Amino acid sequence: GGEAEGQKFVPWGVRKTAIMQKYTTTGSIQMPSFVSNEVAQAGRGSNTLKARVDAISSEGDDLVSMVRANAREYVKHMTELNGELARAWNAAERVKALKMAIQCSKLLADSQTPQFYPPMFVLVTEILDTFGRLVFERIKEKGLTDEGRRKKRVEDFGPGDVTDEARETCRNWFFKVASIRELLPRVYMECAILRCHQFLTGYTDFPSILERLARMLRGCGDPLVACYARAYLVRCGVSVNASLKPYLRTLFLDQMVSLGQLEDPHWSAKMASHSLDTRQ
């Protein structure tokens, strides 16, 4: 029954720790220049933050240069970036925080180092989770109704709990995400702010929203990238409504297709070049 299923379920907090401990690589991994050593050495505290976010702002959405790092450096810098995104947000640099999150989500399109992809996924989605929480709280800050002020749990908020101005702010965030050109970061970013749909339509539209996002991921041609993107969609979907099942069936069937792709000579050769097989 449900209790037995609950006992089998491994919480994400436990699973992500195990992933970080299990997977690594001796090779180098690409990361955005705004978390590079050169920028970090430009200053400390607010100066460091300013240098990094200015780099994003001046280079535009799609022109952030990439640097190579080893696994230890990558983990350190991506962990630092999570805190810096929050500090940028709290300093009212919200557009820059958005750009940081988008650039990080784009990293998950790169499967050139498949052995290290699981930790990359953990680190990037931690940043996206932070961004999602900040957006949710920002919408609440824009204006709660009397009913909304009495609520504490995030899952209890609905359209009647925030003002018209707050709902307009919410729509604007979804418009910003919808304008992202590339498919993968667009899906990841909407997943990150998925709970904010509560402010617009409550829980009514989650079945159709989750099904739409599931089908969008069919446009992702790399089976490794697609598998992990589906995993994030499931994690975000379960967090807002664990009882919804139809989109999970769509994702499961599509996952079978992706796993079948790994038998293709192109992907088999790619895995073999990294000393991997389909079980890994």
# chains A, B, ... in the order shown; residues from 1 in each chain; ligands from 1
$ closest_atom_pairs --of "range 185-239 of chain A" --to "range 107-119 of chain A" --cutoff "12 Å" --atoms "only C-alpha atoms" --output "JSON lines"
{"residue": "A:Pro185", "atom": "CA", "partner": "A:Leu108", "partner_atom": "CA", "distance": 8.3}
{"residue": "A:Arg186", "atom": "CA", "partner": "A:Ala109", "partner_atom": "CA", "distance": 11.7}
{"residue": "A:Val187", "atom": "CA", "partner": "A:Leu108", "partner_atom": "CA", "distance": 11.5}
{"residue": "A:Tyr188", "atom": "CA", "partner": "A:Leu108", "partner_atom": "CA", "distance": 9.4}
{"residue": "A:Met189", "atom": "CA", "partner": "A:Leu108", "partner_atom": "CA", "distance": 12.0}
{"residue": "A:Cys220", "atom": "CA", "partner": "A:Ala109", "partner_atom": "CA", "distance": 9.0}
{"residue": "A:Gly221", "atom": "CA", "partner": "A:Ala109", "partner_atom": "CA", "distance": 10.0}
{"residue": "A:Asp222", "atom": "CA", "partner": "A:Ser111", "partner_atom": "CA", "distance": 8.1}
{"residue": "A:Pro223", "atom": "CA", "partner": "A:Ser111", "partner_atom": "CA", "distance": 9.6}
{"residue": "A:Leu224", "atom": "CA", "partner": "A:Ser111", "partner_atom": "CA", "distance": 7.2}
{"residue": "A:Val225", "atom": "CA", "partner": "A:Ala109", "partner_atom": "CA", "distance": 6.2}
{"residue": "A:Ala226", "atom": "CA", "partner": "A:Ala109", "partner_atom": "CA", "distance": 9.0}
{"residue": "A:Cys227", "atom": "CA", "partner": "A:Pro118", "partner_atom": "CA", "distance": 10.9}
{"residue": "A:Tyr228", "atom": "CA", "partner": "A:Pro118", "partner_atom": "CA", "distance": 8.3}
{"residue": "A:Ala229", "atom": "CA", "partner": "A:Leu108", "partner_atom": "CA", "distance": 8.4}
{"residue": "A:Ala231", "atom": "CA", "partner": "A:Pro118", "partner_atom": "CA", "distance": 11.2}
{"residue": "A:Tyr232", "atom": "CA", "partner": "A:Leu108", "partner_atom": "CA", "distance": 11.4}
$ write_last_selection --atoms "N, CA and C atoms" --output "mmCIF file, in the first residue's frame"
data_model
loop_
_atom_site.group_PDB
_atom_site.id
_atom_site.type_symbol
_atom_site.label_atom_id
_atom_site.label_comp_id
_atom_site.auth_asym_id
_atom_site.auth_seq_id
_atom_site.Cartn_x
_atom_site.Cartn_y
_atom_site.Cartn_z
ATOM 1 N N PRO A 185 16.915 24.884 -20.790
ATOM 2 C CA PRO A 185 16.825 25.839 -19.681
ATOM 3 C C PRO A 185 15.409 26.361 -19.465
ATOM 4 N N ARG A 186 14.622 26.425 -20.530
ATOM 5 C CA ARG A 186 13.233 26.887 -20.369
ATOM 6 C C ARG A 186 12.445 25.914 -19.500
ATOM 7 N N VAL A 187 12.622 24.607 -19.737
ATOM 8 C CA VAL A 187 11.919 23.609 -18.928
ATOM 9 C C VAL A 187 12.447 23.611 -17.494
ATOM 10 N N TYR A 188 13.765 23.611 -17.340
ATOM 11 C CA TYR A 188 14.347 23.603 -15.987
ATOM 12 C C TYR A 188 13.887 24.823 -15.183
ATOM 13 N N MET A 189 13.874 25.987 -15.812
ATOM 14 C CA MET A 189 13.501 27.200 -15.084
ATOM 15 C C MET A 189 12.020 27.203 -14.708
ATOM 16 N N CYS A 220 14.397 16.916 -26.428
ATOM 17 C CA CYS A 220 15.794 16.793 -25.988
ATOM 18 C C CYS A 220 16.381 15.511 -26.567
ATOM 19 N N GLY A 221 17.367 15.641 -27.455
ATOM 20 C CA GLY A 221 17.886 14.496 -28.190
ATOM 21 C C GLY A 221 18.918 13.666 -27.461
ATOM 22 N N ASP A 222 19.595 14.214 -26.476
ATOM 23 C CA ASP A 222 20.626 13.486 -25.736
ATOM 24 C C ASP A 222 19.939 12.654 -24.643
ATOM 25 N N PRO A 223 20.039 11.313 -24.700
ATOM 26 C CA PRO A 223 19.307 10.488 -23.736
ATOM 27 C C PRO A 223 19.714 10.720 -22.282
ATOM 28 N N LEU A 224 20.999 10.980 -22.028
ATOM 29 C CA LEU A 224 21.449 11.240 -20.662
ATOM 30 C C LEU A 224 20.842 12.539 -20.144
ATOM 31 N N VAL A 225 20.917 13.586 -20.936
ATOM 32 C CA VAL A 225 20.371 14.887 -20.558
ATOM 33 C C VAL A 225 18.862 14.788 -20.341
ATOM 34 N N ALA A 226 18.176 14.081 -21.236
ATOM 35 C CA ALA A 226 16.718 13.942 -21.143
ATOM 36 C C ALA A 226 16.312 13.189 -19.881
ATOM 37 N N CYS A 227 17.050 12.127 -19.542
ATOM 38 C CA CYS A 227 16.723 11.328 -18.355
ATOM 39 C C CYS A 227 16.784 12.171 -17.084
ATOM 40 N N TYR A 228 17.810 12.972 -16.962
ATOM 41 C CA TYR A 228 17.972 13.788 -15.756
ATOM 42 C C TYR A 228 16.966 14.945 -15.718
ATOM 43 N N ALA A 229 16.656 15.500 -16.878
ATOM 44 C CA ALA A 229 15.646 16.570 -16.915
ATOM 45 C C ALA A 229 14.302 16.026 -16.457
ATOM 46 N N ALA A 231 13.917 13.583 -14.405
ATOM 47 C CA ALA A 231 14.033 13.365 -12.955
ATOM 48 C C ALA A 231 13.737 14.648 -12.187
ATOM 49 N N TYR A 232 14.213 15.791 -12.693
ATOM 50 C CA TYR A 232 13.955 17.058 -12.001
ATOM 51 C C TYR A 232 12.477 17.429 -12.093
#
$ closest_atom_pairs --of "range 142-212 of chain A" --to "range 77-100 of chain A" --cutoff "12 Å" --atoms "only C-alpha atoms" --output "JSON lines"
{"residue": "A:Asn172", "atom": "CA", "partner": "A:Val95", "partner_atom": "CA", "distance": 11.9}
{"residue": "A:Trp173", "atom": "CA", "partner": "A:Leu98", "partner_atom": "CA", "distance": 9.6}
{"residue": "A:Phe174", "atom": "CA", "partner": "A:Leu98", "partner_atom": "CA", "distance": 11.8}
{"residue": "A:Lys176", "atom": "CA", "partner": "A:Leu98", "partner_atom": "CA", "distance": 9.0}
{"residue": "A:Val177", "atom": "CA", "partner": "A:Leu98", "partner_atom": "CA", "distance": 9.1}
{"residue": "A:Ile180", "atom": "CA", "partner": "A:Lys99", "partner_atom": "CA", "distance": 10.3}
{"residue": "A:Pro185", "atom": "CA", "partner": "A:Lys99", "partner_atom": "CA", "distance": 10.9}
{"residue": "A:Arg186", "atom": "CA", "partner": "A:Leu98", "partner_atom": "CA", "distance": 11.9}
{"residue": "A:Met189", "atom": "CA", "partner": "A:Leu98", "partner_atom": "CA", "distance": 9.3}
{"residue": "A:Glu190", "atom": "CA", "partner": "A:Leu98", "partner_atom": "CA", "distance": 11.9}
{"residue": "A:Ala192", "atom": "CA", "partner": "A:Leu98", "partner_atom": "CA", "distance": 11.3}
{"residue": "A:Ile193", "atom": "CA", "partner": "A:Leu98", "partner_atom": "CA", "distance": 11.4}
$ atom_distance --atom1 "CA of Lys151 in chain A" --atom2 "CA of Lys245 in chain A"
27.5 Å
$ select_by_dssp --residues "range 156-275 of chain A" --states "alpha helix (DSSP H)" --output "ChimeraX atom specification"
/A:164-178,183-192,198-201,206-216,223-240,246-261,265-273
$ residues_around --residues "range 12-19 of chain A" --least-positions-apart "2" --cutoff "8 Å" --atoms "only C-alpha atoms" --output "number ranges by chain"
A: 10, 21-23, 118-119, 122
$ write_last_selection --atoms "N, CA, C and O atoms" --output "PDB file, in the first residue's frame"
ATOM      1  N   VAL A  10      13.320   7.062  -1.219  1.00  0.00           N
ATOM      2  CA  VAL A  10      14.535   7.650  -0.652  1.00  0.00           C
ATOM      3  C   VAL A  10      14.444   9.175  -0.764  1.00  0.00           C
ATOM      4  O   VAL A  10      14.335   9.703  -1.872  1.00  0.00           O
ATOM      5  N   GLN A  21      28.936  11.728  -3.322  1.00  0.00           N
ATOM      6  CA  GLN A  21      30.019  10.881  -2.806  1.00  0.00           C
ATOM      7  C   GLN A  21      30.442   9.823  -3.819  1.00  0.00           C
ATOM      8  O   GLN A  21      31.609   9.421  -3.863  1.00  0.00           O
ATOM      9  N   LYS A  22      29.509   9.383  -4.650  1.00  0.00           N
ATOM     10  CA  LYS A  22      29.777   8.247  -5.542  1.00  0.00           C
ATOM     11  C   LYS A  22      30.471   8.635  -6.840  1.00  0.00           C
ATOM     12  O   LYS A  22      31.342   7.909  -7.331  1.00  0.00           O
ATOM     13  N   TYR A  23      30.079   9.781  -7.435  1.00  0.00           N
ATOM     14  CA  TYR A  23      30.530  10.109  -8.786  1.00  0.00           C
ATOM     15  C   TYR A  23      31.577  11.221  -8.792  1.00  0.00           C
ATOM     16  O   TYR A  23      31.406  12.234  -8.114  1.00  0.00           O
ATOM     17  N   PRO A 118      26.016  13.292 -12.906  1.00  0.00           N
ATOM     18  CA  PRO A 118      25.143  13.265 -11.709  1.00  0.00           C
ATOM     19  C   PRO A 118      25.465  14.373 -10.689  1.00  0.00           C
ATOM     20  O   PRO A 118      24.539  15.080 -10.244  1.00  0.00           O
ATOM     21  N   PRO A 119      26.744  14.591 -10.303  1.00  0.00           N
ATOM     22  CA  PRO A 119      27.015  15.719  -9.401  1.00  0.00           C
ATOM     23  C   PRO A 119      26.697  17.077 -10.027  1.00  0.00           C
ATOM     24  O   PRO A 119      26.243  17.986  -9.318  1.00  0.00           O
ATOM     25  N   VAL A 122      23.084  17.624  -9.456  1.00  0.00           N
ATOM     26  CA  VAL A 122      22.797  17.985  -8.066  1.00  0.00           C
ATOM     27  C   VAL A 122      23.123  19.452  -7.816  1.00  0.00           C
ATOM     28  O   VAL A 122      22.304  20.208  -7.261  1.00  0.00           O
TER      29      VAL A 122
END
$ closest_residue --among "A:Asp254, A:Asp146, A:Pro207, A:Arg212" --to "Arg230 in chain A" --atoms "only C-alpha atoms"
A:Asp254
$ residues_around --residues "Glu141 in chain A" --least-positions-apart "3" --cutoff "12 Å" --atoms "only C-alpha atoms" --output "PyMOL selection string"
chain A and resi 134-138+144-145+148-149+161-163+165-167+169-170
$ write_last_selection --atoms "C-alpha atoms" --output "JSON list (two decimals), in the first residue's frame"
[["chain", "number", "residue", "atom", "x", "y", "z"],
["A", 134, "LEU", "CA", 13.27, 33.27, -3.79],
["A", 135, "VAL", "CA", 10.68, 33.90, -6.51],
["A", 136, "PHE", "CA", 7.91, 32.34, -4.41],
["A", 137, "GLU", "CA", 8.78, 34.49, -1.40],
["A", 138, "ARG", "CA", 9.07, 37.60, -3.59],
["A", 144, "LEU", "CA", -0.81, 39.11, 0.90],
["A", 145, "THR", "CA", -4.54, 39.35, 1.57],
["A", 148, "GLY", "CA", -2.96, 34.89, 3.05],
["A", 149, "ARG", "CA", -1.36, 36.43, 6.15],
["A", 161, "ASP", "CA", -4.15, 34.76, -0.75],
["A", 162, "VAL", "CA", -2.24, 37.39, -2.73],
["A", 163, "THR", "CA", -3.11, 40.78, -4.20],
["A", 165, "GLU", "CA", -0.15, 43.20, -7.92],
["A", 166, "ALA", "CA", 1.41, 40.00, -6.58],
["A", 167, "ARG", "CA", -0.36, 37.89, -9.21],
["A", 169, "THR", "CA", 4.43, 39.85, -10.58],
["A", 170, "CYS", "CA", 3.92, 36.10, -10.75]]
$ residues_around --residues "Val124 in chain A" --least-positions-apart "4" --cutoff "7 Å" --atoms "only C-alpha atoms" --output "list in words"
Cys104, Ser105, Met120 and Leu128 of chain A
$ write_last_selection --atoms "N, CA and C atoms" --output "PDB file, in the first residue's frame"
ATOM      1  N   CYS A 104      23.289  28.629 -15.430  1.00  0.00           N
ATOM      2  CA  CYS A 104      23.575  27.367 -14.752  1.00  0.00           C
ATOM      3  C   CYS A 104      22.738  26.231 -15.333  1.00  0.00           C
ATOM      4  N   SER A 105      21.472  26.504 -15.627  1.00  0.00           N
ATOM      5  CA  SER A 105      20.620  25.453 -16.199  1.00  0.00           C
ATOM      6  C   SER A 105      21.142  25.008 -17.564  1.00  0.00           C
ATOM      7  N   MET A 120      26.934  17.227 -11.340  1.00  0.00           N
ATOM      8  CA  MET A 120      26.555  18.480 -12.012  1.00  0.00           C
ATOM      9  C   MET A 120      25.073  18.738 -11.836  1.00  0.00           C
ATOM     10  N   LEU A 128      18.865  26.064  -8.805  1.00  0.00           N
ATOM     11  CA  LEU A 128      17.511  26.306  -9.319  1.00  0.00           C
ATOM     12  C   LEU A 128      16.485  26.254  -8.192  1.00  0.00           C
TER      13      LEU A 128
END
$ residues_around --residues "Leu251 in chain A" --least-positions-apart "2" --cutoff "8 Å" --atoms "only C-alpha atoms" --output "MDAnalysis selection string"
chainID A and resid 214:215 230 247:249 253:255
$ write_last_selection --atoms "N, CA, C and O atoms" --output "PDB file, in the first residue's frame"
ATOM      1  N   ALA A 214       6.322  17.608 -19.532  1.00  0.00           N
ATOM      2  CA  ALA A 214       6.792  16.258 -19.852  1.00  0.00           C
ATOM      3  C   ALA A 214       6.949  16.077 -21.357  1.00  0.00           C
ATOM      4  O   ALA A 214       7.953  15.533 -21.840  1.00  0.00           O
ATOM      5  N   ARG A 215       5.979  16.555 -22.116  1.00  0.00           N
ATOM      6  CA  ARG A 215       6.032  16.404 -23.580  1.00  0.00           C
ATOM      7  C   ARG A 215       7.091  17.303 -24.202  1.00  0.00           C
ATOM      8  O   ARG A 215       7.688  16.941 -25.220  1.00  0.00           O
ATOM      9  N   ARG A 230      13.981  14.799 -16.872  1.00  0.00           N
ATOM     10  CA  ARG A 230      12.729  14.189 -16.418  1.00  0.00           C
ATOM     11  C   ARG A 230      12.759  13.959 -14.911  1.00  0.00           C
ATOM     12  O   ARG A 230      11.738  14.122 -14.231  1.00  0.00           O
ATOM     13  N   TYR A 247       1.094  12.391 -15.898  1.00  0.00           N
ATOM     14  CA  TYR A 247       2.337  12.890 -16.492  1.00  0.00           C
ATOM     15  C   TYR A 247       3.501  11.956 -16.200  1.00  0.00           C
ATOM     16  O   TYR A 247       4.457  11.872 -16.980  1.00  0.00           O
ATOM     17  N   LEU A 248       3.420  11.220 -15.066  1.00  0.00           N
ATOM     18  CA  LEU A 248       4.469  10.262 -14.725  1.00  0.00           C
ATOM     19  C   LEU A 248       4.477   9.109 -15.729  1.00  0.00           C
ATOM     20  O   LEU A 248       5.538   8.587 -16.091  1.00  0.00           O
ATOM     21  N   ARG A 249       3.295   8.727 -16.196  1.00  0.00           N
ATOM     22  CA  ARG A 249       3.218   7.670 -17.216  1.00  0.00           C
ATOM     23  C   ARG A 249       3.869   8.145 -18.513  1.00  0.00           C
ATOM     24  O   ARG A 249       4.640   7.400 -19.139  1.00  0.00           O
ATOM     25  N   LEU A 253       7.219   6.273 -20.123  1.00  0.00           N
ATOM     26  CA  LEU A 253       7.266   5.730 -21.485  1.00  0.00           C
ATOM     27  C   LEU A 253       8.362   6.412 -22.305  1.00  0.00           C
ATOM     28  O   LEU A 253       9.095   5.762 -23.060  1.00  0.00           O
ATOM     29  N   ASP A 254       8.490   7.738 -22.146  1.00  0.00           N
ATOM     30  CA  ASP A 254       9.548   8.462 -22.857  1.00  0.00           C
ATOM     31  C   ASP A 254      10.929   8.051 -22.353  1.00  0.00           C
ATOM     32  O   ASP A 254      11.900   8.011 -23.120  1.00  0.00           O
ATOM     33  N   GLN A 255      11.012   7.748 -21.062  1.00  0.00           N
ATOM     34  CA  GLN A 255      12.291   7.292 -20.493  1.00  0.00           C
ATOM     35  C   GLN A 255      12.717   5.969 -21.127  1.00  0.00           C
ATOM     36  O   GLN A 255      13.908   5.742 -21.397  1.00  0.00           O
TER      37      GLN A 255
END
$ atom_distance --atom1 "CA of Cys191 in chain A" --atom2 "CA of Ser239 in chain A"
10.7 Å
$ closest_residue --among "A:Leu213, A:Leu233, A:Ala71, A:Leu200" --to "Thr125 in chain A" --atoms "only C-alpha atoms"
A:Leu233
$ residues_around --residues "Tyr74 in chain A" --least-positions-apart "4" --cutoff "8 Å" --atoms "only C-alpha atoms" --output "number ranges by chain"
A: 29, 31, 69-70, 78
$ write_last_selection --atoms "C-alpha atoms" --output "PDB file, in the first residue's frame"
ATOM      1  CA  ILE A  29      34.471  20.270 -16.642  1.00  0.00           C
ATOM      2  CA  MET A  31      31.642  26.122 -15.972  1.00  0.00           C
ATOM      3  CA  ALA A  69      37.841  23.268 -13.809  1.00  0.00           C
ATOM      4  CA  ASN A  70      38.554  19.989 -12.073  1.00  0.00           C
ATOM      5  CA  MET A  78      28.970  26.023  -7.903  1.00  0.00           C
TER       6      MET A  78
END
$ decode --residues "range 174-233 of chain A" --atoms "C-alpha atoms" --output "compact mmCIF listing (two decimals), in the first residue's frame"
# COMPACT_ATOMS: atom_id res chain seq x y z
CA PHE A 174 6.50 33.05 -16.05
CA PHE A 175 6.71 35.37 -19.08
CA LYS A 176 10.45 35.82 -18.45
CA VAL A 177 10.94 32.05 -18.33
CA ALA A 178 8.79 31.46 -21.41
CA SER A 179 11.03 33.86 -23.38
CA ILE A 180 14.15 31.69 -22.87
CA ARG A 181 15.09 30.52 -26.37
CA GLU A 182 16.63 27.11 -25.62
CA LEU A 183 14.31 24.26 -24.70
CA LEU A 184 16.28 22.71 -21.83
CA PRO A 185 16.83 25.84 -19.68
CA ARG A 186 13.23 26.89 -20.37
CA VAL A 187 11.92 23.61 -18.93
CA TYR A 188 14.35 23.60 -15.99
CA MET A 189 13.50 27.20 -15.08
CA GLU A 190 9.75 26.61 -15.21
CA CYS A 191 10.20 23.54 -13.03
CA ALA A 192 12.16 25.69 -10.56
CA ILE A 193 9.24 28.13 -10.16
CA LEU A 194 6.52 25.51 -10.65
CA ARG A 195 4.91 26.11 -7.25
CA CYS A 196 4.27 29.74 -8.17
CA HIS A 197 1.39 28.53 -10.38
CA GLN A 198 -0.53 28.23 -7.09
CA PHE A 199 -0.81 32.03 -7.01
CA LEU A 200 -2.49 32.05 -10.43
CA THR A 201 -4.74 28.97 -10.56
CA GLY A 202 -4.27 27.13 -7.28
CA TYR A 203 -3.82 23.41 -7.90
CA THR A 204 -6.29 23.30 -10.81
CA ASP A 205 -3.83 23.51 -13.70
CA PHE A 206 -0.98 21.36 -12.38
CA PRO A 207 -2.08 18.21 -14.31
CA SER A 208 -1.98 20.03 -17.67
CA ILE A 209 1.17 22.02 -16.80
CA LEU A 210 3.11 18.91 -15.81
CA GLU A 211 1.93 17.01 -18.90
CA ARG A 212 2.99 19.94 -21.12
CA LEU A 213 6.46 20.04 -19.54
CA ALA A 214 6.79 16.26 -19.85
CA ARG A 215 6.03 16.40 -23.58
CA MET A 216 8.37 19.34 -24.12
CA LEU A 217 11.27 17.16 -22.99
CA ARG A 218 10.71 14.95 -26.04
CA GLY A 219 12.60 17.67 -27.88
CA CYS A 220 15.79 16.79 -25.99
CA GLY A 221 17.89 14.50 -28.19
CA ASP A 222 20.63 13.49 -25.74
CA PRO A 223 19.31 10.49 -23.74
CA LEU A 224 21.45 11.24 -20.66
CA VAL A 225 20.37 14.89 -20.56
CA ALA A 226 16.72 13.94 -21.14
CA CYS A 227 16.72 11.33 -18.35
CA TYR A 228 17.97 13.79 -15.76
CA ALA A 229 15.65 16.57 -16.91
CA ARG A 230 12.73 14.19 -16.42
CA ALA A 231 14.03 13.37 -12.95
CA TYR A 232 13.96 17.06 -12.00
CA LEU A 233 10.45 17.46 -13.40
